[in-house]
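S.K.: Please find model.cif (mmCIF, C-alpha atoms (C1' of nucleotides)) on the next line:
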```
data_run
loop_
_atom_site.group_PDB
_atom_site.id
_atom_site.type_symbol
_atom_site.label_atom_id
_atom_site.label_comp_id
_atom_site.auth_asym_id
_atom_site.auth_seq_id
_atom_site.Cartn_x
_atom_site.Cartn_y
_atom_site.Cartn_z
ATOM 1 C CA MET A 1 20.436 13.177 -7.176
ATOM 2 C CA GLY A 2 17.835 14.411 -9.564
ATOM 3 C CA VAL A 3 16.851 14.055 -13.149
ATOM 4 C CA ILE A 4 19.937 14.173 -15.273
ATOM 5 C CA ARG A 5 18.967 12.775 -18.626
ATOM 6 C CA LYS A 6 16.065 13.765 -20.806
ATOM 7 C CA THR A 7 14.991 10.209 -21.444
ATOM 8 C CA LYS A 8 11.797 9.073 -23.137
ATOM 9 C CA SER A 9 10.147 8.221 -19.835
ATOM 10 C CA VAL A 10 10.938 11.630 -18.355
ATOM 11 C CA VAL A 11 9.550 13.398 -21.414
ATOM 12 C CA ALA A 12 6.448 11.202 -21.458
ATOM 13 C CA LEU A 13 5.698 11.804 -17.773
ATOM 14 C CA LEU A 14 6.261 15.544 -17.973
ATOM 15 C CA ASN A 15 3.979 15.568 -20.975
ATOM 16 C CA GLU A 16 1.197 13.957 -18.947
ATOM 17 C CA PHE A 17 1.385 16.813 -16.467
ATOM 18 C CA ASN A 18 1.607 19.504 -19.116
ATOM 19 C CA MET A 19 -1.416 18.158 -20.962
ATOM 20 C CA ASN A 20 -3.300 18.191 -17.668
ATOM 21 C CA THR A 21 -5.293 21.106 -16.317
ATOM 22 C CA SER A 22 -3.158 23.385 -14.226
ATOM 23 C CA SER A 23 -4.702 22.509 -10.891
ATOM 24 C CA GLY A 24 -5.160 18.811 -11.453
ATOM 25 C CA ALA A 25 -3.158 16.063 -9.849
ATOM 26 C CA ILE A 26 -2.629 12.601 -11.305
ATOM 27 C CA SER A 27 -2.410 9.398 -9.341
ATOM 28 C CA VAL A 28 0.474 7.021 -9.883
ATOM 29 C CA ILE A 29 -2.093 4.344 -10.675
ATOM 30 C CA THR A 30 -3.445 6.454 -13.517
ATOM 31 C CA LEU A 31 0.016 7.220 -14.843
ATOM 32 C CA ILE A 32 0.898 3.529 -14.843
ATOM 33 C CA GLU A 33 -2.354 2.729 -16.646
ATOM 34 C CA ARG A 34 -1.741 5.379 -19.285
ATOM 35 C CA LEU A 35 1.899 4.567 -19.919
ATOM 36 C CA ASP A 36 1.745 0.839 -19.321
ATOM 37 C CA SER A 37 2.433 -0.057 -22.941
ATOM 38 C CA LYS A 38 5.481 2.177 -23.104
ATOM 39 C CA PHE A 39 7.199 1.912 -19.722
ATOM 40 C CA ASN A 40 7.559 -0.437 -16.811
ATOM 41 C CA LYS A 41 5.840 0.619 -13.597
ATOM 42 C CA THR A 42 9.168 0.510 -11.764
ATOM 43 C CA THR A 43 10.488 3.127 -14.161
ATOM 44 C CA ILE A 44 7.444 5.302 -13.601
ATOM 45 C CA TYR A 45 7.856 5.149 -9.831
ATOM 46 C CA ARG A 46 11.547 5.991 -10.111
ATOM 47 C CA VAL A 47 11.166 8.877 -12.544
ATOM 48 C CA LEU A 48 8.399 10.399 -10.423
ATOM 49 C CA ASP A 49 10.686 10.152 -7.397
ATOM 50 C CA LYS A 50 13.370 12.094 -9.186
ATOM 51 C CA LEU A 51 11.032 14.701 -10.586
ATOM 52 C CA GLU A 52 9.916 15.323 -7.023
ATOM 53 C CA GLU A 53 13.500 15.571 -5.766
ATOM 54 C CA ASP A 54 14.125 18.117 -8.491
ATOM 55 C CA GLY A 55 11.181 20.250 -7.404
ATOM 56 C CA VAL A 56 9.317 19.672 -10.654
ATOM 57 C CA LEU A 57 6.488 17.712 -9.076
ATOM 58 C CA HIS A 58 5.151 17.332 -5.571
ATOM 59 C CA SER A 59 3.471 14.267 -4.165
ATOM 60 C CA PHE A 60 0.852 13.630 -1.529
ATOM 61 C CA LEU A 61 -1.436 10.836 -0.412
ATOM 62 C CA GLY A 62 -5.076 10.854 -1.435
ATOM 63 C CA LYS A 63 -7.988 8.656 -0.410
ATOM 64 C CA ASN A 64 -6.929 5.197 0.752
ATOM 65 C CA GLY A 65 -3.330 6.356 1.002
ATOM 66 C CA LEU A 66 -2.748 6.230 -2.735
ATOM 67 C CA LYS A 67 0.028 8.413 -4.091
ATOM 68 C CA TRP A 68 -0.689 11.427 -6.297
ATOM 69 C CA TYR A 69 1.576 13.861 -8.082
ATOM 70 C CA ALA A 70 1.049 17.398 -9.315
ATOM 71 C CA LYS A 71 3.176 20.113 -10.834
ATOM 72 C CA CYS A 72 5.044 22.414 -8.495
ATOM 73 C CA ASN A 73 4.811 26.148 -8.733
ATOM 74 C CA ASN A 74 7.675 27.738 -6.885
ATOM 75 C CA CYS A 75 9.832 24.903 -5.689
ATOM 76 C CA SER A 76 13.549 24.302 -5.933
ATOM 77 C CA VAL A 77 15.598 21.145 -5.638
ATOM 78 C CA ASN A 78 15.976 21.394 -1.889
ATOM 79 C CA LYS A 79 12.804 23.103 -0.813
ATOM 80 C CA HIS A 80 9.178 22.456 -1.589
ATOM 81 C CA ASN A 81 7.525 25.817 -1.001
ATOM 82 C CA ASP A 82 4.353 24.851 -2.673
ATOM 83 C CA ILE A 83 2.307 24.049 0.406
ATOM 84 C CA HIS A 84 -1.391 24.014 -0.233
ATOM 85 C CA PRO A 85 -4.385 21.800 0.482
ATOM 86 C CA HIS A 86 -5.618 19.174 -1.927
ATOM 87 C CA PHE A 87 -9.245 18.472 -2.697
ATOM 88 C CA GLN A 88 -10.412 15.019 -3.646
ATOM 89 C CA CYS A 89 -13.900 14.431 -4.966
ATOM 90 C CA LEU A 90 -15.486 11.421 -3.300
ATOM 91 C CA TYR A 91 -17.827 10.949 -6.256
ATOM 92 C CA CYS A 92 -15.556 11.102 -9.304
ATOM 93 C CA GLY A 93 -12.191 10.660 -7.587
ATOM 94 C CA LYS A 94 -10.617 13.758 -9.160
ATOM 95 C CA VAL A 95 -7.972 15.594 -7.152
ATOM 96 C CA ASP A 96 -7.093 19.287 -7.395
ATOM 97 C CA CYS A 97 -4.481 21.490 -5.818
ATOM 98 C CA LEU A 98 -6.218 24.366 -4.033
ATOM 99 C CA SER A 99 -4.487 27.689 -4.365
ATOM 100 C CA VAL A 100 -5.419 28.903 -0.920
ATOM 101 C CA SER A 101 -3.169 29.225 2.054
ATOM 102 C CA VAL A 102 -4.056 27.494 5.282
ATOM 103 C CA SER A 103 -2.902 28.778 8.612
ATOM 104 C CA ILE A 104 -1.454 25.936 10.599
ATOM 105 C CA PRO A 105 -1.818 26.372 14.344
ATOM 106 C CA LYS A 106 1.273 26.799 16.480
ATOM 107 C CA ILE A 107 2.026 23.662 18.427
ATOM 108 C CA PRO A 108 4.071 24.197 21.570
ATOM 109 C CA ASN A 109 7.379 22.325 21.885
ATOM 110 C CA ARG A 110 7.037 20.660 18.526
ATOM 111 C CA LYS A 111 8.853 21.404 15.303
ATOM 112 C CA ILE A 112 6.635 21.270 12.244
ATOM 113 C CA GLU A 113 8.357 19.965 9.132
ATOM 114 C CA VAL A 114 5.588 18.777 6.838
ATOM 115 C CA THR A 115 1.914 19.649 6.611
ATOM 116 C CA GLN A 116 -0.634 17.744 4.599
ATOM 117 C CA LEU A 117 -4.226 18.869 4.299
ATOM 118 C CA LEU A 118 -6.578 16.677 2.317
ATOM 119 C CA ILE A 119 -10.126 17.932 1.923
ATOM 120 C CA GLN A 120 -12.671 15.489 0.594
ATOM 121 C CA GLY A 121 -16.163 16.114 -0.682
ATOM 122 C CA LYS A 122 -18.077 16.872 -3.843
ATOM 123 C CA CYS A 123 -16.260 18.717 -6.628
ATOM 124 C CA GLU A 124 -17.603 21.523 -8.790
ATOM 125 C CA MET A 125 -18.589 19.261 -11.639
ATOM 126 C CA CYS A 126 -20.246 16.654 -9.450
ATOM 127 C CA CYS A 127 -22.068 19.452 -7.567
ATOM 128 C CA SER A 128 -23.545 20.756 -10.822
ATOM 129 C CA ILE A 129 -24.537 17.356 -12.160
ATOM 130 C CA ASN A 130 -26.246 15.932 -9.093
ATOM 131 C CA SER A 131 -28.619 17.979 -7.004
ATOM 132 C CA MET B 1 -24.156 -2.139 11.770
ATOM 133 C CA GLY B 2 -22.165 -1.587 14.887
ATOM 134 C CA VAL B 3 -20.696 -3.494 17.759
ATOM 135 C CA ILE B 4 -23.363 -5.648 19.283
ATOM 136 C CA ARG B 5 -21.575 -8.204 21.414
ATOM 137 C CA LYS B 6 -19.003 -7.574 24.106
ATOM 138 C CA THR B 7 -16.593 -10.177 22.834
ATOM 139 C CA LYS B 8 -13.048 -10.793 24.003
ATOM 140 C CA SER B 9 -11.563 -9.022 21.010
ATOM 141 C CA VAL B 10 -13.705 -5.923 21.547
ATOM 142 C CA VAL B 11 -12.749 -5.777 25.196
ATOM 143 C CA ALA B 12 -9.062 -6.309 24.405
ATOM 144 C CA LEU B 13 -9.002 -3.573 21.768
ATOM 145 C CA LEU B 14 -10.862 -1.065 23.916
ATOM 146 C CA ASN B 15 -8.435 -1.875 26.690
ATOM 147 C CA GLU B 16 -5.493 -0.965 24.438
ATOM 148 C CA PHE B 17 -6.959 2.477 23.911
ATOM 149 C CA ASN B 18 -7.876 2.985 27.546
ATOM 150 C CA MET B 19 -4.383 2.050 28.703
ATOM 151 C CA ASN B 20 -3.009 4.548 26.204
ATOM 152 C CA THR B 21 -2.395 8.221 26.895
ATOM 153 C CA SER B 22 -5.427 10.309 26.105
ATOM 154 C CA SER B 23 -4.001 12.056 23.073
ATOM 155 C CA GLY B 24 -2.162 9.112 21.587
ATOM 156 C CA ALA B 25 -3.204 7.186 18.539
ATOM 157 C CA ILE B 26 -2.282 3.577 17.809
ATOM 158 C CA SER B 27 -1.532 2.170 14.402
ATOM 159 C CA VAL B 28 -3.270 -0.962 13.217
ATOM 160 C CA ILE B 29 0.153 -2.487 12.709
ATOM 161 C CA THR B 30 0.949 -1.973 16.386
ATOM 162 C CA LEU B 31 -2.382 -3.379 17.496
ATOM 163 C CA ILE B 32 -1.863 -6.484 15.374
ATOM 164 C CA GLU B 33 1.636 -6.907 16.815
ATOM 165 C CA ARG B 34 0.389 -6.574 20.373
ATOM 166 C CA LEU B 35 -2.610 -8.858 20.031
ATOM 167 C CA ASP B 36 -1.189 -11.284 17.528
ATOM 168 C CA SER B 37 -1.089 -14.198 19.960
ATOM 169 C CA LYS B 38 -4.704 -13.712 20.944
ATOM 170 C CA PHE B 39 -6.547 -12.674 17.803
ATOM 171 C CA ASN B 40 -6.327 -12.992 14.077
ATOM 172 C CA LYS B 41 -5.503 -9.805 12.190
ATOM 173 C CA THR B 42 -8.731 -10.090 10.218
ATOM 174 C CA THR B 43 -10.640 -9.905 13.476
ATOM 175 C CA ILE B 44 -8.703 -6.841 14.545
ATOM 176 C CA TYR B 45 -9.438 -5.049 11.275
ATOM 177 C CA ARG B 46 -13.135 -5.894 11.515
ATOM 178 C CA VAL B 47 -13.557 -4.939 15.160
ATOM 179 C CA LEU B 48 -11.789 -1.602 14.575
ATOM 180 C CA ASP B 49 -14.141 -0.960 11.652
ATOM 181 C CA LYS B 50 -17.138 -1.457 13.870
ATOM 182 C CA LEU B 51 -15.768 0.592 16.739
ATOM 183 C CA GLU B 52 -15.358 3.423 14.262
ATOM 184 C CA GLU B 53 -18.896 3.002 12.942
ATOM 185 C CA ASP B 54 -20.104 3.201 16.534
ATOM 186 C CA GLY B 55 -18.260 6.475 17.116
ATOM 187 C CA VAL B 56 -15.974 4.947 19.722
ATOM 188 C CA LEU B 57 -12.816 5.347 17.675
ATOM 189 C CA HIS B 58 -11.825 7.464 14.710
ATOM 190 C CA SER B 59 -9.316 6.536 12.066
ATOM 191 C CA PHE B 60 -6.948 8.445 9.831
ATOM 192 C CA LEU B 61 -3.938 7.788 7.662
ATOM 193 C CA GLY B 62 -0.449 8.547 8.929
ATOM 194 C CA LYS B 63 2.915 8.512 7.219
ATOM 195 C CA ASN B 64 3.068 6.181 4.240
ATOM 196 C CA GLY B 65 -0.703 5.870 4.247
ATOM 197 C CA LEU B 66 -0.783 3.510 7.217
ATOM 198 C CA LYS B 67 -3.995 3.400 9.214
ATOM 199 C CA TRP B 68 -4.190 4.725 12.772
ATOM 200 C CA TYR B 69 -6.977 4.764 15.330
ATOM 201 C CA ALA B 70 -7.647 6.944 18.338
ATOM 202 C CA LYS B 71 -10.434 7.402 20.842
ATOM 203 C CA CYS B 72 -13.240 9.764 19.930
ATOM 204 C CA ASN B 73 -14.361 12.535 22.212
ATOM 205 C CA ASN B 74 -17.782 13.729 21.216
ATOM 206 C CA CYS B 75 -18.857 11.463 18.431
ATOM 207 C CA SER B 76 -22.034 9.500 17.907
ATOM 208 C CA VAL B 77 -22.849 6.554 15.683
ATOM 209 C CA ASN B 78 -23.742 8.678 12.713
ATOM 210 C CA LYS B 79 -21.537 11.700 13.087
ATOM 211 C CA HIS B 80 -17.853 12.074 13.763
ATOM 212 C CA ASN B 81 -17.612 15.536 15.283
ATOM 213 C CA ASP B 82 -14.145 15.018 16.504
ATOM 214 C CA ILE B 83 -12.301 16.865 13.751
ATOM 215 C CA HIS B 84 -8.805 17.818 14.688
ATOM 216 C CA PRO B 85 -5.308 17.615 13.231
ATOM 217 C CA HIS B 86 -2.952 14.764 13.943
ATOM 218 C CA PHE B 87 0.748 15.128 14.606
ATOM 219 C CA GLN B 88 3.207 12.414 13.660
ATOM 220 C CA CYS B 89 6.782 12.521 14.829
ATOM 221 C CA LEU B 90 9.156 11.737 11.982
ATOM 222 C CA TYR B 91 11.820 10.600 14.456
ATOM 223 C CA CYS B 92 10.007 8.214 16.804
ATOM 224 C CA GLY B 93 6.852 7.616 14.757
ATOM 225 C CA LYS B 94 4.450 8.514 17.560
ATOM 226 C CA VAL B 95 1.115 10.047 16.599
ATOM 227 C CA ASP B 96 -1.011 12.390 18.712
ATOM 228 C CA CYS B 97 -4.398 13.960 18.284
ATOM 229 C CA LEU B 98 -4.051 17.736 18.582
ATOM 230 C CA SER B 99 -6.816 19.446 20.486
ATOM 231 C CA VAL B 100 -6.768 22.587 18.398
ATOM 232 C CA SER B 101 -9.289 23.663 15.840
ATOM 233 C CA VAL B 102 -8.192 24.446 12.334
ATOM 234 C CA SER B 103 -10.109 26.814 10.141
ATOM 235 C CA ILE B 104 -10.633 25.244 6.778
ATOM 236 C CA PRO B 105 -10.895 27.765 3.962
ATOM 237 C CA LYS B 106 -14.156 28.130 2.077
ATOM 238 C CA ILE B 107 -13.938 26.534 -1.329
ATOM 239 C CA PRO B 108 -16.395 27.927 -3.867
ATOM 240 C CA ASN B 109 -18.793 25.476 -5.512
ATOM 241 C CA ARG B 110 -17.500 22.506 -3.607
ATOM 242 C CA LYS B 111 -19.096 20.652 -0.729
ATOM 243 C CA ILE B 112 -16.647 19.673 1.974
ATOM 244 C CA GLU B 113 -17.413 16.378 3.671
ATOM 245 C CA VAL B 114 -14.135 15.225 5.220
ATOM 246 C CA THR B 115 -11.027 17.086 6.278
ATOM 247 C CA GLN B 116 -7.751 15.468 7.180
ATOM 248 C CA LEU B 117 -4.805 17.452 8.454
ATOM 249 C CA LEU B 118 -1.617 15.563 9.164
ATOM 250 C CA ILE B 119 1.246 17.574 10.582
ATOM 251 C CA GLN B 120 4.647 15.920 10.646
ATOM 252 C CA GLY B 121 7.797 16.951 12.449
ATOM 253 C CA LYS B 122 9.640 16.480 15.703
ATOM 254 C CA CYS B 123 7.598 15.695 18.807
ATOM 255 C CA GLU B 124 8.054 17.105 22.301
ATOM 256 C CA MET B 125 10.112 14.192 23.532
ATOM 257 C CA CYS B 126 12.353 14.037 20.487
ATOM 258 C CA CYS B 127 12.818 17.832 20.662
ATOM 259 C CA SER B 128 14.069 17.565 24.227
ATOM 260 C CA ILE B 129 16.379 14.620 23.583
ATOM 261 C CA ASN B 130 18.102 15.873 20.451
ATOM 262 C CA SER B 131 19.321 19.404 20.130
ATOM 263 C "C1'" DT C 1 -30.843 -25.101 27.555
ATOM 264 C "C1'" DT C 2 -31.516 -24.256 23.027
ATOM 265 C "C1'" DA C 3 -31.809 -21.695 18.727
ATOM 266 C "C1'" DT C 4 -30.131 -18.161 16.282
ATOM 267 C "C1'" DT C 5 -27.148 -14.966 14.565
ATOM 268 C "C1'" DA C 6 -22.965 -12.459 15.029
ATOM 269 C "C1'" DA C 7 -18.125 -12.996 15.520
ATOM 270 C "C1'" DT C 8 -13.854 -15.479 14.685
ATOM 271 C "C1'" DA C 9 -9.846 -18.100 12.595
ATOM 272 C "C1'" DC C 10 -7.753 -19.489 8.757
ATOM 273 C "C1'" DA C 11 -6.016 -19.507 4.327
ATOM 274 C "C1'" DA C 12 -5.751 -17.508 0.295
ATOM 275 C "C1'" DC C 13 -5.825 -13.470 -2.111
ATOM 276 C "C1'" DT C 14 -5.228 -8.349 -3.823
ATOM 277 C "C1'" DG C 15 -2.658 -4.643 -5.213
ATOM 278 C "C1'" DA C 16 0.409 -0.622 -4.430
ATOM 279 C "C1'" DG C 17 4.891 -0.043 -3.998
ATOM 280 C "C1'" DT C 18 10.004 -1.923 -3.670
ATOM 281 C "C1'" DT C 19 14.424 -4.362 -4.722
ATOM 282 C "C1'" DG C 20 18.315 -6.477 -7.269
ATOM 283 C "C1'" DC C 21 20.432 -7.103 -11.317
ATOM 284 C "C1'" DA C 22 21.519 -7.626 -16.133
ATOM 285 C "C1'" DA C 23 20.826 -5.150 -20.378
ATOM 286 C "C1'" DA C 24 20.088 -0.885 -22.814
ATOM 287 C "C1'" DT C 25 20.737 3.938 -23.516
ATOM 288 C "C1'" DG C 26 22.164 8.870 -23.025
ATOM 289 C "C1'" DT C 27 26.018 11.917 -22.725
ATOM 290 C "C1'" DA C 28 30.591 13.796 -22.359
ATOM 291 C "C1'" DA C 29 35.047 13.411 -23.958
ATOM 292 C "C1'" DA C 30 38.381 11.958 -27.417
ATOM 293 C "C1'" DT D 1 31.922 9.931 -35.059
ATOM 294 C "C1'" DT D 2 33.265 6.726 -31.952
ATOM 295 C "C1'" DT D 3 34.298 5.290 -27.386
ATOM 296 C "C1'" DA D 4 33.657 4.804 -22.492
ATOM 297 C "C1'" DC D 5 30.973 4.765 -18.650
ATOM 298 C "C1'" DA D 6 27.584 6.110 -15.552
ATOM 299 C "C1'" DT D 7 22.664 6.421 -15.586
ATOM 300 C "C1'" DT D 8 18.376 4.516 -16.741
ATOM 301 C "C1'" DT D 9 15.358 0.782 -17.894
ATOM 302 C "C1'" DG D 10 12.834 -3.735 -17.948
ATOM 303 C "C1'" DC D 11 11.934 -7.709 -15.725
ATOM 304 C "C1'" DA D 12 10.892 -10.822 -12.224
ATOM 305 C "C1'" DA D 13 10.382 -11.584 -7.851
ATOM 306 C "C1'" DC D 14 9.263 -9.787 -3.656
ATOM 307 C "C1'" DT D 15 7.030 -7.133 0.545
ATOM 308 C "C1'" DC D 16 3.356 -6.172 3.281
ATOM 309 C "C1'" DA D 17 -0.996 -3.691 4.618
ATOM 310 C "C1'" DG D 18 -5.384 -4.710 4.008
ATOM 311 C "C1'" DT D 19 -9.469 -7.770 2.091
ATOM 312 C "C1'" DT D 20 -12.501 -11.781 1.084
ATOM 313 C "C1'" DG D 21 -14.899 -16.283 1.526
ATOM 314 C "C1'" DT D 22 -16.109 -19.820 4.367
ATOM 315 C "C1'" DA D 23 -16.521 -23.168 7.908
ATOM 316 C "C1'" DT D 24 -16.464 -23.067 12.830
ATOM 317 C "C1'" DT D 25 -17.183 -21.000 17.352
ATOM 318 C "C1'" DA D 26 -19.267 -18.196 20.746
ATOM 319 C "C1'" DA D 27 -22.553 -14.583 22.611
ATOM 320 C "C1'" DT D 28 -27.208 -13.544 23.489
ATOM 321 C "C1'" DA D 29 -32.272 -13.806 23.682
ATOM 322 C "C1'" DA D 30 -36.060 -16.705 24.336
#
```
Transcribe the structure of this file into structure tokens.
M.R.:
Amino acid sequence: MGVIRKTKSVVALLNEFNMNTSSGAISVITLIERLDSKFNKTTIYRVLDKLEEDGVLHSFLGKNGLKWYAKCNNCSVNKHNDIHPHFQCLYCGKVDCLSVSVSIPKIPNRKIEVTQLLIQGKCEMCCSINS
Amino acid sequence: MGVIRKTKSVVALLNEFNMNTSSGAISVITLIERLDSKFNKTTIYRVLDKLEEDGVLHSFLGKNGLKWYAKCNNCSVNKHNDIHPHFQCLYCGKVDCLSVSVSIPKIPNRKIEVTQLLIQGKCEMCCSINS
DNA sequence: TTATTAATACAACTGAGTTGCAAATGTAAA
DNA sequence: TTTACATTTGCAACTCAGTTGTATTAATAA
């Protein structure tokens, strides 16, 4: 499957990500809040699912296991190549994709399929505001 | 706060982790299932919280954002030193603590406080069973 | 043994995410 | 354009991990 029709909800969701800063992720909660008056939350969940299947977005879990989405860079329908860490600020909640590569250790006798690295701390803006 | 009294629920939970293999983690869901006849789930959540505060256990989020706990190695009340990746098998669901160190990249202008690396794939046992 | 305070059970709740289905809508073909 | 039909959507109801408030029970120190 994948996104077939350019429906209003697809356009609206893609717009949210295009308006966003390039490295920023958006939580599903935030997307539902923003688009609540226009679309049902079920629709939002389903469109995000399909955009991920299509390699347009990638998802990951942030603090408290909440789901976040961000734009993909070099992904196709079947393969998400865009493997990078995510940084979540514990003070303002913002999440960024980090464009650094992380070397994952070899693990004997195990086959690695997915890697998720979530780094939490104080973001640039919160570092500059507070001492 | 921390654990003050050696109550039945504390003993029972610690026992679950001591019976377990050294590298294995246990999900809260599993602990509730196992101890359901003896203790209320609220109690289990609260005791696990305190055992983590005391540096006896550490917690992390596995697949689907579900909470897992495992024994700590060199942690104290105030500092969890035991930073390592976790491996979750996508076929049998088992989760292990990996005793390898991962080098986290420097991130300019940000202060790292927590790092969570979850590696998912096929575990040793599932590798040997299936081709 | 008693007094005190922490720990527990219970029930009710919260909230992110899911499911089933009828109605609406986009798209390709006529 | 119009038709036909599969896809998409809204809605309501649900699931289920985790939380909260409170009255009761149990561990510990004196």
S.K.: Let me know the residues the PyMOL selection byres ((chain C) within 12 of (chain A)) catches in the file above, as JSON, numbers by chain.
M.R.: {"C": [15, 16, 17, 18, 19, 25, 26, 27]}
S.K.: Step by step, work through what the PyMOL selection byres ((chain D) within 9 of (chain B)) selects in the shown file, and finish by giving those residues as a PyMOL selection string.
M.R.: chain D and resi 17-19+26-28
S.K.: Report the residues retrieved by the PyMOL selection byres ((chain A) within 6 of (chain B)) from the displayed file, expressed as a PyMOL selection string.
M.R.: chain A and resi 65+109-124
S.K.: What is the distance, in Å and to one decimal place, between atom CA of Ile83 of chain B and atom CA of Asp54 of chain B?
M.R.: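 According to the coordinates, atom CA of Ile83 of chain B and atom CA of Asp54 of chain B are separated by 16.0 Å.
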S.K.: Could you state the separation of atom CA of Glu53 of chain A and atom CA of Val11 of chain A in Å, given to one decimal place?
M.R.: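 Atom CA of Val11 of chain A lies at a distance of 16.3 Å from atom CA of Glu53 of chain A.
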S.K.: At what distance in Å, to one decimal, does atom C1' of DT20 of chain D lie from atom C1' of DC13 of chain C?
M.R.: 7.6 Å
S.K.: With only C-alpha atoms (C1' of nucleotides) as the counted atoms, please give the residues lying no more than 10 Å from DT24 of chain D, apart from itself and same-chain residues fewer than 2 positions off, as a list in words.
M.R.: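 Non-adjacent residues within range: DT8 and DA9 of chain C; DT22 and DA26 of chain D.
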S.K.: List as a VMD selection string the protein and nucleic acid residues near DA30 of chain D, meaning an atom at most 12 Å away when only C-alpha atoms (C1' of nucleotides) are counted, but skip any in the same chain fewer than 2 places from it.
M.R.: (chain C and resid 1 to 4) or (chain D and resid 28)
S.K.: Around (-8.1, 13.9, -9.1) in the file's own coordinates, what residues are found within 10 Å if you use all atoms listed in the file, given back as a PDB file with C-alpha atoms, keeping the file's coordinate frame?
M.R.:
```pdb
ATOM      1  CA  SER A  23      -4.702  22.509 -10.891  1.00  0.00           C
ATOM      2  CA  GLY A  24      -5.160  18.811 -11.453  1.00  0.00           C
ATOM      3  CA  ALA A  25      -3.158  16.063  -9.849  1.00  0.00           C
ATOM      4  CA  ILE A  26      -2.629  12.601 -11.305  1.00  0.00           C
ATOM      5  CA  SER A  27      -2.410   9.398  -9.341  1.00  0.00           C
ATOM      6  CA  THR A  30      -3.445   6.454 -13.517  1.00  0.00           C
ATOM      7  CA  GLY A  62      -5.076  10.854  -1.435  1.00  0.00           C
ATOM      8  CA  TRP A  68      -0.689  11.427  -6.297  1.00  0.00           C
ATOM      9  CA  TYR A  69       1.576  13.861  -8.082  1.00  0.00           C
ATOM     10  CA  ALA A  70       1.049  17.398  -9.315  1.00  0.00           C
ATOM     11  CA  HIS A  86      -5.618  19.174  -1.927  1.00  0.00           C
ATOM     12  CA  PHE A  87      -9.245  18.472  -2.697  1.00  0.00           C
ATOM     13  CA  GLN A  88     -10.412  15.019  -3.646  1.00  0.00           C
ATOM     14  CA  CYS A  89     -13.900  14.431  -4.966  1.00  0.00           C
ATOM     15  CA  LEU A  90     -15.486  11.421  -3.300  1.00  0.00           C
ATOM     16  CA  CYS A  92     -15.556  11.102  -9.304  1.00  0.00           C
ATOM     17  CA  GLY A  93     -12.191  10.660  -7.587  1.00  0.00           C
ATOM     18  CA  LYS A  94     -10.617  13.758  -9.160  1.00  0.00           C
ATOM     19  CA  VAL A  95      -7.972  15.594  -7.152  1.00  0.00           C
ATOM     20  CA  ASP A  96      -7.093  19.287  -7.395  1.00  0.00           C
ATOM     21  CA  CYS A  97      -4.481  21.490  -5.818  1.00  0.00           C
ATOM     22  CA  CYS A 123     -16.260  18.717  -6.628  1.00  0.00           C
TER      23      CYS A 123
END
```
S.K.: Taking into account only C-alpha atoms, which residue in the set A:Ser59, A:Glu33, A:Lys71, A:Arg46 is nearest to Phe17 of chain A?
M.R.: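 Nearest candidate to Phe17 of chain A out of A:Ser59, A:Glu33, A:Lys71, A:Arg46: A:Lys71.
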S.K.: Return segment 48-58 of chain B, completed with N, CA and C atoms, as an mmCIF file, keeping the file's coordinate frame.
M.R.:
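result22.cif was written with the following content:
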```cif
data_model
loop_
_atom_site.group_PDB
_atom_site.id
_atom_site.type_symbol
_atom_site.label_atom_id
_atom_site.label_comp_id
_atom_site.auth_asym_id
_atom_site.auth_seq_id
_atom_site.Cartn_x
_atom_site.Cartn_y
_atom_site.Cartn_z
ATOM 1 N N LEU B 48 -12.113 -3.032 14.651
ATOM 2 C CA LEU B 48 -11.789 -1.602 14.575
ATOM 3 C C LEU B 48 -12.786 -0.879 13.664
ATOM 4 N N ASP B 49 -13.123 -1.506 12.557
ATOM 5 C CA ASP B 49 -14.141 -0.960 11.652
ATOM 6 C C ASP B 49 -15.433 -0.646 12.389
ATOM 7 N N LYS B 50 -15.859 -1.616 13.180
ATOM 8 C CA LYS B 50 -17.138 -1.457 13.870
ATOM 9 C C LYS B 50 -17.056 -0.428 14.986
ATOM 10 N N LEU B 51 -15.923 -0.407 15.682
ATOM 11 C CA LEU B 51 -15.768 0.592 16.739
ATOM 12 C C LEU B 51 -15.789 1.995 16.136
ATOM 13 N N GLU B 52 -15.298 2.115 14.914
ATOM 14 C CA GLU B 52 -15.358 3.423 14.262
ATOM 15 C C GLU B 52 -16.793 3.756 13.854
ATOM 16 N N GLU B 53 -17.491 2.789 13.310
ATOM 17 C CA GLU B 53 -18.896 3.002 12.942
ATOM 18 C C GLU B 53 -19.721 3.425 14.156
ATOM 19 N N ASP B 54 -19.376 2.891 15.305
ATOM 20 C CA ASP B 54 -20.104 3.201 16.534
ATOM 21 C C ASP B 54 -19.690 4.525 17.152
ATOM 22 N N GLY B 55 -18.689 5.195 16.570
ATOM 23 C CA GLY B 55 -18.260 6.475 17.116
ATOM 24 C C GLY B 55 -17.382 6.348 18.342
ATOM 25 N N VAL B 56 -16.849 5.160 18.566
ATOM 26 C CA VAL B 56 -15.974 4.947 19.722
ATOM 27 C C VAL B 56 -14.545 5.344 19.363
ATOM 28 N N LEU B 57 -14.143 5.000 18.166
ATOM 29 C CA LEU B 57 -12.816 5.347 17.675
ATOM 30 C C LEU B 57 -12.957 6.148 16.381
ATOM 31 N N HIS B 58 -11.881 6.893 16.058
ATOM 32 C CA HIS B 58 -11.825 7.464 14.710
ATOM 33 C C HIS B 58 -10.512 7.024 14.075
#
```
